[in-house]
file upload.cif (mmCIF, N, CA and C atoms)
data_structure
#
loop_
_atom_site.label_atom_id
_atom_site.label_comp_id
_atom_site.auth_asym_id
_atom_site.auth_seq_id
_atom_site.Cartn_x
_atom_site.Cartn_y
_atom_site.Cartn_z
N HIS A 1 -39.67 31.60 4.41
CA HIS A 1 -40.13 30.38 5.03
C HIS A 1 -38.94 29.67 5.69
N LEU A 2 -39.26 28.97 6.76
CA LEU A 2 -38.25 28.19 7.48
C LEU A 2 -38.76 26.76 7.56
N ASP A 3 -38.01 25.83 6.99
CA ASP A 3 -38.47 24.44 6.98
C ASP A 3 -38.58 23.91 8.42
N ILE A 4 -39.41 22.90 8.60
CA ILE A 4 -39.71 22.36 9.93
C ILE A 4 -38.46 21.82 10.63
N PRO A 5 -37.56 21.07 9.96
CA PRO A 5 -36.36 20.62 10.66
C PRO A 5 -35.51 21.78 11.20
N SER A 6 -35.40 22.85 10.44
CA SER A 6 -34.65 24.02 10.92
C SER A 6 -35.38 24.71 12.07
N ALA A 7 -36.68 24.82 11.96
CA ALA A 7 -37.48 25.43 13.03
C ALA A 7 -37.35 24.61 14.31
N ALA A 8 -37.29 23.29 14.18
CA ALA A 8 -37.17 22.40 15.35
C ALA A 8 -35.84 22.62 16.07
N ILE A 9 -34.84 23.06 15.36
CA ILE A 9 -33.54 23.37 15.98
C ILE A 9 -33.55 24.77 16.57
N LEU A 10 -34.09 25.73 15.83
CA LEU A 10 -34.01 27.13 16.24
C LEU A 10 -34.97 27.52 17.36
N LEU A 11 -36.17 26.98 17.35
CA LEU A 11 -37.15 27.37 18.37
C LEU A 11 -36.65 27.13 19.79
N PRO A 12 -36.09 25.95 20.11
CA PRO A 12 -35.59 25.75 21.48
C PRO A 12 -34.41 26.64 21.84
N LEU A 13 -33.66 27.08 20.84
CA LEU A 13 -32.55 27.99 21.12
C LEU A 13 -33.04 29.39 21.43
N LEU A 14 -34.08 29.82 20.72
CA LEU A 14 -34.60 31.18 20.88
C LEU A 14 -35.65 31.30 21.97
N LEU A 15 -36.41 30.23 22.20
CA LEU A 15 -37.47 30.22 23.21
C LEU A 15 -37.31 28.97 24.07
N PRO A 16 -36.25 28.94 24.90
CA PRO A 16 -35.94 27.71 25.64
C PRO A 16 -36.89 27.43 26.80
N ALA A 17 -37.12 26.14 27.00
CA ALA A 17 -37.84 25.69 28.21
C ALA A 17 -36.84 25.77 29.34
N PRO A 18 -37.23 25.94 30.55
CA PRO A 18 -38.59 25.99 31.07
C PRO A 18 -39.23 27.38 31.01
N ARG A 19 -38.47 28.40 30.63
CA ARG A 19 -39.07 29.74 30.58
C ARG A 19 -40.22 29.79 29.59
N TYR A 20 -40.11 29.07 28.51
CA TYR A 20 -41.16 29.00 27.48
C TYR A 20 -41.64 27.55 27.40
N PRO A 21 -42.59 27.18 28.25
CA PRO A 21 -42.96 25.77 28.38
C PRO A 21 -43.63 25.16 27.16
N HIS A 22 -44.14 25.97 26.26
CA HIS A 22 -44.81 25.40 25.08
C HIS A 22 -43.84 25.00 23.98
N THR A 23 -42.61 25.48 24.03
CA THR A 23 -41.67 25.21 22.95
C THR A 23 -41.44 23.73 22.71
N PRO A 24 -41.11 22.92 23.72
CA PRO A 24 -40.88 21.49 23.43
C PRO A 24 -42.12 20.79 22.85
N GLN A 25 -43.28 21.12 23.37
CA GLN A 25 -44.51 20.50 22.87
C GLN A 25 -44.82 20.95 21.45
N PHE A 26 -44.61 22.23 21.18
CA PHE A 26 -44.88 22.75 19.84
C PHE A 26 -43.93 22.12 18.82
N VAL A 27 -42.66 22.02 19.19
CA VAL A 27 -41.67 21.41 18.29
C VAL A 27 -42.03 19.95 18.02
N ALA A 28 -42.40 19.21 19.06
CA ALA A 28 -42.79 17.81 18.88
C ALA A 28 -44.02 17.71 17.98
N TRP A 29 -44.97 18.60 18.19
CA TRP A 29 -46.18 18.59 17.36
C TRP A 29 -45.82 18.92 15.91
N LEU A 30 -44.98 19.93 15.70
CA LEU A 30 -44.57 20.30 14.34
C LEU A 30 -43.93 19.13 13.61
N GLN A 31 -43.07 18.41 14.32
CA GLN A 31 -42.37 17.30 13.69
C GLN A 31 -43.29 16.12 13.39
N ALA A 32 -44.39 15.99 14.11
CA ALA A 32 -45.30 14.86 13.93
C ALA A 32 -46.43 15.13 12.95
N GLN A 33 -46.83 16.38 12.82
CA GLN A 33 -47.99 16.71 11.97
C GLN A 33 -47.57 16.66 10.50
N PRO A 34 -48.49 16.27 9.62
CA PRO A 34 -48.15 16.14 8.21
C PRO A 34 -48.46 17.35 7.33
N GLN A 35 -49.20 18.32 7.85
CA GLN A 35 -49.71 19.41 7.01
C GLN A 35 -48.68 20.48 6.69
N TYR A 36 -47.91 20.92 7.67
CA TYR A 36 -46.99 22.03 7.49
C TYR A 36 -45.59 21.51 7.18
N ARG A 37 -45.00 22.05 6.11
CA ARG A 37 -43.65 21.67 5.73
C ARG A 37 -42.66 22.77 6.09
N ALA A 38 -43.20 23.94 6.41
CA ALA A 38 -42.37 25.10 6.75
C ALA A 38 -43.21 26.08 7.55
N LEU A 39 -42.53 26.98 8.25
CA LEU A 39 -43.20 28.07 8.96
C LEU A 39 -42.95 29.36 8.19
N ASN A 40 -44.02 30.10 7.94
CA ASN A 40 -43.81 31.41 7.33
C ASN A 40 -43.58 32.44 8.44
N ARG A 41 -43.30 33.65 8.07
CA ARG A 41 -42.97 34.68 9.05
C ARG A 41 -44.11 34.92 10.04
N ASP A 42 -45.34 34.96 9.53
CA ASP A 42 -46.49 35.18 10.40
C ASP A 42 -46.63 34.07 11.44
N GLN A 43 -46.44 32.83 11.01
CA GLN A 43 -46.54 31.70 11.94
C GLN A 43 -45.43 31.75 12.98
N TRP A 44 -44.23 32.06 12.53
CA TRP A 44 -43.09 32.17 13.44
C TRP A 44 -43.35 33.27 14.48
N GLU A 45 -43.75 34.43 14.03
CA GLU A 45 -44.03 35.55 14.94
C GLU A 45 -45.22 35.25 15.84
N SER A 46 -46.20 34.53 15.34
CA SER A 46 -47.36 34.18 16.15
C SER A 46 -46.99 33.23 17.27
N PHE A 47 -46.10 32.28 16.99
CA PHE A 47 -45.67 31.40 18.08
C PHE A 47 -44.86 32.19 19.10
N TYR A 48 -44.07 33.14 18.66
CA TYR A 48 -43.34 34.00 19.58
C TYR A 48 -44.34 34.76 20.48
N ASP A 49 -45.35 35.35 19.87
CA ASP A 49 -46.38 36.07 20.63
C ASP A 49 -47.12 35.12 21.58
N PHE A 50 -47.46 33.95 21.09
CA PHE A 50 -48.13 32.93 21.91
C PHE A 50 -47.26 32.58 23.12
N SER A 51 -45.97 32.47 22.92
CA SER A 51 -45.04 32.12 24.00
C SER A 51 -44.94 33.22 25.04
N HIS A 52 -45.19 34.45 24.64
CA HIS A 52 -45.10 35.59 25.55
C HIS A 52 -46.47 36.04 26.08
N ALA A 53 -47.52 35.33 25.72
CA ALA A 53 -48.87 35.75 26.09
C ALA A 53 -49.29 35.30 27.48
N GLY A 54 -48.44 34.55 28.16
CA GLY A 54 -48.78 34.10 29.51
C GLY A 54 -49.76 32.94 29.54
N ILE A 55 -49.83 32.20 28.46
CA ILE A 55 -50.73 31.04 28.42
C ILE A 55 -50.10 29.91 29.21
N LEU A 56 -50.83 29.42 30.19
CA LEU A 56 -50.30 28.39 31.08
C LEU A 56 -50.01 27.10 30.33
N PRO A 57 -49.07 26.29 30.83
CA PRO A 57 -48.74 25.03 30.17
C PRO A 57 -49.92 24.09 29.98
N ASP A 58 -50.91 24.17 30.87
CA ASP A 58 -52.09 23.29 30.72
C ASP A 58 -53.13 23.89 29.77
N LEU A 59 -52.82 25.05 29.19
CA LEU A 59 -53.67 25.75 28.23
C LEU A 59 -54.98 26.27 28.81
N SER A 60 -55.10 26.30 30.11
CA SER A 60 -56.34 26.75 30.74
C SER A 60 -56.61 28.24 30.49
N THR A 61 -55.60 29.00 30.13
CA THR A 61 -55.79 30.42 29.87
C THR A 61 -55.83 30.73 28.38
N TYR A 62 -55.87 29.72 27.55
CA TYR A 62 -55.96 29.91 26.10
C TYR A 62 -57.39 30.25 25.72
N GLU A 63 -57.55 31.28 24.92
CA GLU A 63 -58.88 31.68 24.45
C GLU A 63 -59.02 31.26 22.99
N ASP A 64 -59.87 30.29 22.74
CA ASP A 64 -60.00 29.77 21.38
C ASP A 64 -60.69 30.73 20.43
N ASP A 65 -61.27 31.79 20.95
CA ASP A 65 -61.87 32.79 20.07
C ASP A 65 -60.92 33.98 19.85
N GLY A 66 -59.65 33.79 20.23
CA GLY A 66 -58.65 34.83 20.01
C GLY A 66 -58.27 34.91 18.55
N CYS A 67 -57.33 35.75 18.24
CA CYS A 67 -56.95 35.97 16.84
C CYS A 67 -55.67 35.21 16.47
N TRP A 68 -55.51 34.02 17.00
CA TRP A 68 -54.34 33.20 16.67
C TRP A 68 -54.50 32.60 15.28
N PRO A 69 -53.39 32.43 14.56
CA PRO A 69 -53.49 31.78 13.25
C PRO A 69 -53.82 30.30 13.40
N CYS A 70 -54.21 29.70 12.30
CA CYS A 70 -54.65 28.30 12.30
C CYS A 70 -53.61 27.36 12.91
N ILE A 71 -52.34 27.59 12.65
CA ILE A 71 -51.31 26.67 13.15
C ILE A 71 -51.32 26.62 14.68
N ILE A 72 -51.55 27.74 15.33
CA ILE A 72 -51.60 27.77 16.80
C ILE A 72 -52.88 27.08 17.27
N ASP A 73 -54.00 27.37 16.64
CA ASP A 73 -55.26 26.71 17.00
C ASP A 73 -55.15 25.19 16.83
N GLU A 74 -54.52 24.75 15.76
CA GLU A 74 -54.37 23.31 15.51
C GLU A 74 -53.45 22.67 16.54
N TYR A 75 -52.39 23.36 16.91
CA TYR A 75 -51.48 22.87 17.96
C TYR A 75 -52.24 22.70 19.28
N VAL A 76 -52.97 23.71 19.68
CA VAL A 76 -53.73 23.66 20.94
C VAL A 76 -54.79 22.57 20.88
N SER A 77 -55.48 22.49 19.77
CA SER A 77 -56.52 21.47 19.61
C SER A 77 -55.92 20.06 19.73
N ALA A 78 -54.77 19.86 19.15
CA ALA A 78 -54.11 18.54 19.23
C ALA A 78 -53.74 18.20 20.66
N LEU A 79 -53.32 19.17 21.44
CA LEU A 79 -52.94 18.92 22.83
C LEU A 79 -54.15 18.67 23.72
N LEU A 80 -55.27 19.29 23.39
CA LEU A 80 -56.45 19.17 24.22
C LEU A 80 -57.29 17.92 23.90
N THR A 81 -56.97 17.24 22.82
CA THR A 81 -57.75 16.03 22.48
C THR A 81 -57.04 14.79 22.91
#
call {"tool": "encode", "arguments": {"input": "upload.cif", "output": "structure tokens"}}
result
Amino acid sequence: HLDIPSAAILLPLLLPAPRYPHTPQFVAWLQAQPQYRALNRDQWESFYDFSHAGILPDLSTYEDDGCWPCIIDEYVSALLT
């Protein structure tokens, strides 16, 4: 597991904007949400896959019936509301 403060530092280093436009928004969401205190390996790898899936910054190409883990679905849901 990687605690959220550490993930907030590492994600922008490994998946920097503007090449990975979801990273700043995901990090901001992670820091604001109260449910997750750490990212497990599956969540970390899923965000990596999400970042490489070609999902547009406006999320118009996101498929909510895809096989993303809950953390990704919750992130997208928070941005769309």
call {"tool": "select_by_dssp", "arguments": {"input": "upload.cif", "residues": "chain A", "states": "alpha helix (DSSP H)", "output": "NGL selection string"}}
result
:A and (4-14 or 22-32 or 41-52 or 70-80)
call {"tool": "resolve_selection", "arguments": {"input": "upload.cif", "expression": "the PyMOL selection byres ((chain A and resi 37) around 7)", "output": "VMD selection string"}}
result
chain A and resid 2 to 5 34 to 36 38 to 39
call {"tool": "residues_near_point", "arguments": {"input": "upload.cif", "point": "(-42.9, 23.3, 28.9)", "cutoff": "12 Å", "atoms": "only C-alpha atoms", "output": "list in words"}}
result
Pro12, Leu15, Pro16, Ala17, Pro18, Arg19, Tyr20, Pro21, His22, Thr23, Pro24, Gln25, Phe26, Val27, Ala28, Ser51, Ile55, Leu56, Pro57, Asp58 and Leu59 of chain A
call {"tool": "select_by_dssp", "arguments": {"input": "upload.cif", "residues": "chain A", "states": "strand (DSSP E)", "output": "PyMOL selection string"}}
result
chain A and resi 2-3+38-39
call {"tool": "atom_distance", "arguments": {"input": "upload.cif", "atom1": "CA of Thr61 in chain A", "atom2": "CA of Asn40 in chain A"}}
result
25.5 Å
call {"tool": "closest_residue", "arguments": {"input": "upload.cif", "among": "A:Val76, A:Leu30, A:Ala7, A:Leu14", "to": "Asp64 in chain A", "atoms": "only C-alpha atoms"}}
result
A:Val76
call {"tool": "atom_distance", "arguments": {"input": "upload.cif", "atom1": "atom N of Arg41 in chain A", "atom2": "atom N of His1 in chain A"}}
result
5.5 Å
call {"tool": "atom_distance", "arguments": {"input": "upload.cif", "atom1": "atom N of Cys70 in chain A", "atom2": "atom N of Trp44 in chain A"}}
result
10.3 Å
call {"tool": "residues_around", "arguments": {"input": "upload.cif", "residues": "Ile72 in chain A", "least_positions_apart": "4", "cutoff": "8 Å", "atoms": "all atoms listed in the file", "output": "ChimeraX atom specification"}}
result
/A:43,46-47,68,76-78
call {"tool": "build_atoms", "arguments": {"input": "upload.cif", "residues": "range 49-67 of chain A", "atoms": "N, CA, C and O atoms", "output": "PDB file, in the frame of the given file"}}
result
ATOM      1  N   ASP A  49     -45.350  35.350  19.870  1.00  0.00           N
ATOM      2  CA  ASP A  49     -46.380  36.070  20.630  1.00  0.00           C
ATOM      3  C   ASP A  49     -47.120  35.120  21.580  1.00  0.00           C
ATOM      4  O   ASP A  49     -47.372  35.475  22.729  1.00  0.00           O
ATOM      5  N   PHE A  50     -47.460  33.950  21.090  1.00  0.00           N
ATOM      6  CA  PHE A  50     -48.130  32.930  21.910  1.00  0.00           C
ATOM      7  C   PHE A  50     -47.260  32.580  23.120  1.00  0.00           C
ATOM      8  O   PHE A  50     -47.764  32.468  24.239  1.00  0.00           O
ATOM      9  N   SER A  51     -45.970  32.470  22.920  1.00  0.00           N
ATOM     10  CA  SER A  51     -45.040  32.120  24.000  1.00  0.00           C
ATOM     11  C   SER A  51     -44.940  33.220  25.040  1.00  0.00           C
ATOM     12  O   SER A  51     -44.634  32.945  26.203  1.00  0.00           O
ATOM     13  N   HIS A  52     -45.190  34.450  24.640  1.00  0.00           N
ATOM     14  CA  HIS A  52     -45.100  35.590  25.550  1.00  0.00           C
ATOM     15  C   HIS A  52     -46.470  36.040  26.080  1.00  0.00           C
ATOM     16  O   HIS A  52     -46.552  37.010  26.813  1.00  0.00           O
ATOM     17  N   ALA A  53     -47.520  35.330  25.720  1.00  0.00           N
ATOM     18  CA  ALA A  53     -48.870  35.750  26.090  1.00  0.00           C
ATOM     19  C   ALA A  53     -49.290  35.300  27.480  1.00  0.00           C
ATOM     20  O   ALA A  53     -50.383  35.619  27.928  1.00  0.00           O
ATOM     21  N   GLY A  54     -48.440  34.550  28.160  1.00  0.00           N
ATOM     22  CA  GLY A  54     -48.780  34.100  29.510  1.00  0.00           C
ATOM     23  C   GLY A  54     -49.760  32.940  29.540  1.00  0.00           C
ATOM     24  O   GLY A  54     -50.435  32.731  30.548  1.00  0.00           O
ATOM     25  N   ILE A  55     -49.830  32.200  28.460  1.00  0.00           N
ATOM     26  CA  ILE A  55     -50.730  31.040  28.420  1.00  0.00           C
ATOM     27  C   ILE A  55     -50.100  29.910  29.210  1.00  0.00           C
ATOM     28  O   ILE A  55     -48.954  29.529  28.956  1.00  0.00           O
ATOM     29  N   LEU A  56     -50.830  29.420  30.190  1.00  0.00           N
ATOM     30  CA  LEU A  56     -50.300  28.390  31.080  1.00  0.00           C
ATOM     31  C   LEU A  56     -50.010  27.100  30.330  1.00  0.00           C
ATOM     32  O   LEU A  56     -50.651  26.806  29.306  1.00  0.00           O
ATOM     33  N   PRO A  57     -49.070  26.290  30.830  1.00  0.00           N
ATOM     34  CA  PRO A  57     -48.740  25.030  30.170  1.00  0.00           C
ATOM     35  C   PRO A  57     -49.920  24.090  29.980  1.00  0.00           C
ATOM     36  O   PRO A  57     -49.960  23.338  29.008  1.00  0.00           O
ATOM     37  N   ASP A  58     -50.910  24.170  30.870  1.00  0.00           N
ATOM     38  CA  ASP A  58     -52.090  23.290  30.720  1.00  0.00           C
ATOM     39  C   ASP A  58     -53.130  23.890  29.770  1.00  0.00           C
ATOM     40  O   ASP A  58     -54.197  23.317  29.575  1.00  0.00           O
ATOM     41  N   LEU A  59     -52.820  25.050  29.190  1.00  0.00           N
ATOM     42  CA  LEU A  59     -53.670  25.750  28.230  1.00  0.00           C
ATOM     43  C   LEU A  59     -54.980  26.270  28.810  1.00  0.00           C
ATOM     44  O   LEU A  59     -55.872  26.670  28.062  1.00  0.00           O
ATOM     45  N   SER A  60     -55.100  26.300  30.110  1.00  0.00           N
ATOM     46  CA  SER A  60     -56.340  26.750  30.740  1.00  0.00           C
ATOM     47  C   SER A  60     -56.610  28.240  30.490  1.00  0.00           C
ATOM     48  O   SER A  60     -57.755  28.670  30.599  1.00  0.00           O
ATOM     49  N   THR A  61     -55.600  29.000  30.130  1.00  0.00           N
ATOM     50  CA  THR A  61     -55.790  30.420  29.870  1.00  0.00           C
ATOM     51  C   THR A  61     -55.830  30.730  28.380  1.00  0.00           C
ATOM     52  O   THR A  61     -55.853  31.903  27.984  1.00  0.00           O
ATOM     53  N   TYR A  62     -55.870  29.720  27.550  1.00  0.00           N
ATOM     54  CA  TYR A  62     -55.960  29.910  26.100  1.00  0.00           C
ATOM     55  C   TYR A  62     -57.390  30.250  25.720  1.00  0.00           C
ATOM     56  O   TYR A  62     -58.333  29.596  26.148  1.00  0.00           O
ATOM     57  N   GLU A  63     -57.550  31.280  24.920  1.00  0.00           N
ATOM     58  CA  GLU A  63     -58.880  31.680  24.450  1.00  0.00           C
ATOM     59  C   GLU A  63     -59.020  31.260  22.990  1.00  0.00           C
ATOM     60  O   GLU A  63     -58.356  31.822  22.116  1.00  0.00           O
ATOM     61  N   ASP A  64     -59.870  30.290  22.740  1.00  0.00           N
ATOM     62  CA  ASP A  64     -60.000  29.770  21.380  1.00  0.00           C
ATOM     63  C   ASP A  64     -60.690  30.730  20.430  1.00  0.00           C
ATOM     64  O   ASP A  64     -60.675  30.523  19.217  1.00  0.00           O
ATOM     65  N   ASP A  65     -61.270  31.790  20.950  1.00  0.00           N
ATOM     66  CA  ASP A  65     -61.870  32.790  20.070  1.00  0.00           C
ATOM     67  C   ASP A  65     -60.920  33.980  19.850  1.00  0.00           C
ATOM     68  O   ASP A  65     -61.326  35.017  19.349  1.00  0.00           O
ATOM     69  N   GLY A  66     -59.650  33.790  20.230  1.00  0.00           N
ATOM     70  CA  GLY A  66     -58.650  34.830  20.010  1.00  0.00           C
ATOM     71  C   GLY A  66     -58.270  34.910  18.550  1.00  0.00           C
ATOM     72  O   GLY A  66     -58.823  34.226  17.689  1.00  0.00           O
ATOM     73  N   CYS A  67     -57.330  35.750  18.240  1.00  0.00           N
ATOM     74  CA  CYS A  67     -56.950  35.970  16.840  1.00  0.00           C
ATOM     75  C   CYS A  67     -55.670  35.210  16.470  1.00  0.00           C
ATOM     76  O   CYS A  67     -54.842  35.705  15.723  1.00  0.00           O
TER      77      CYS A  67
END
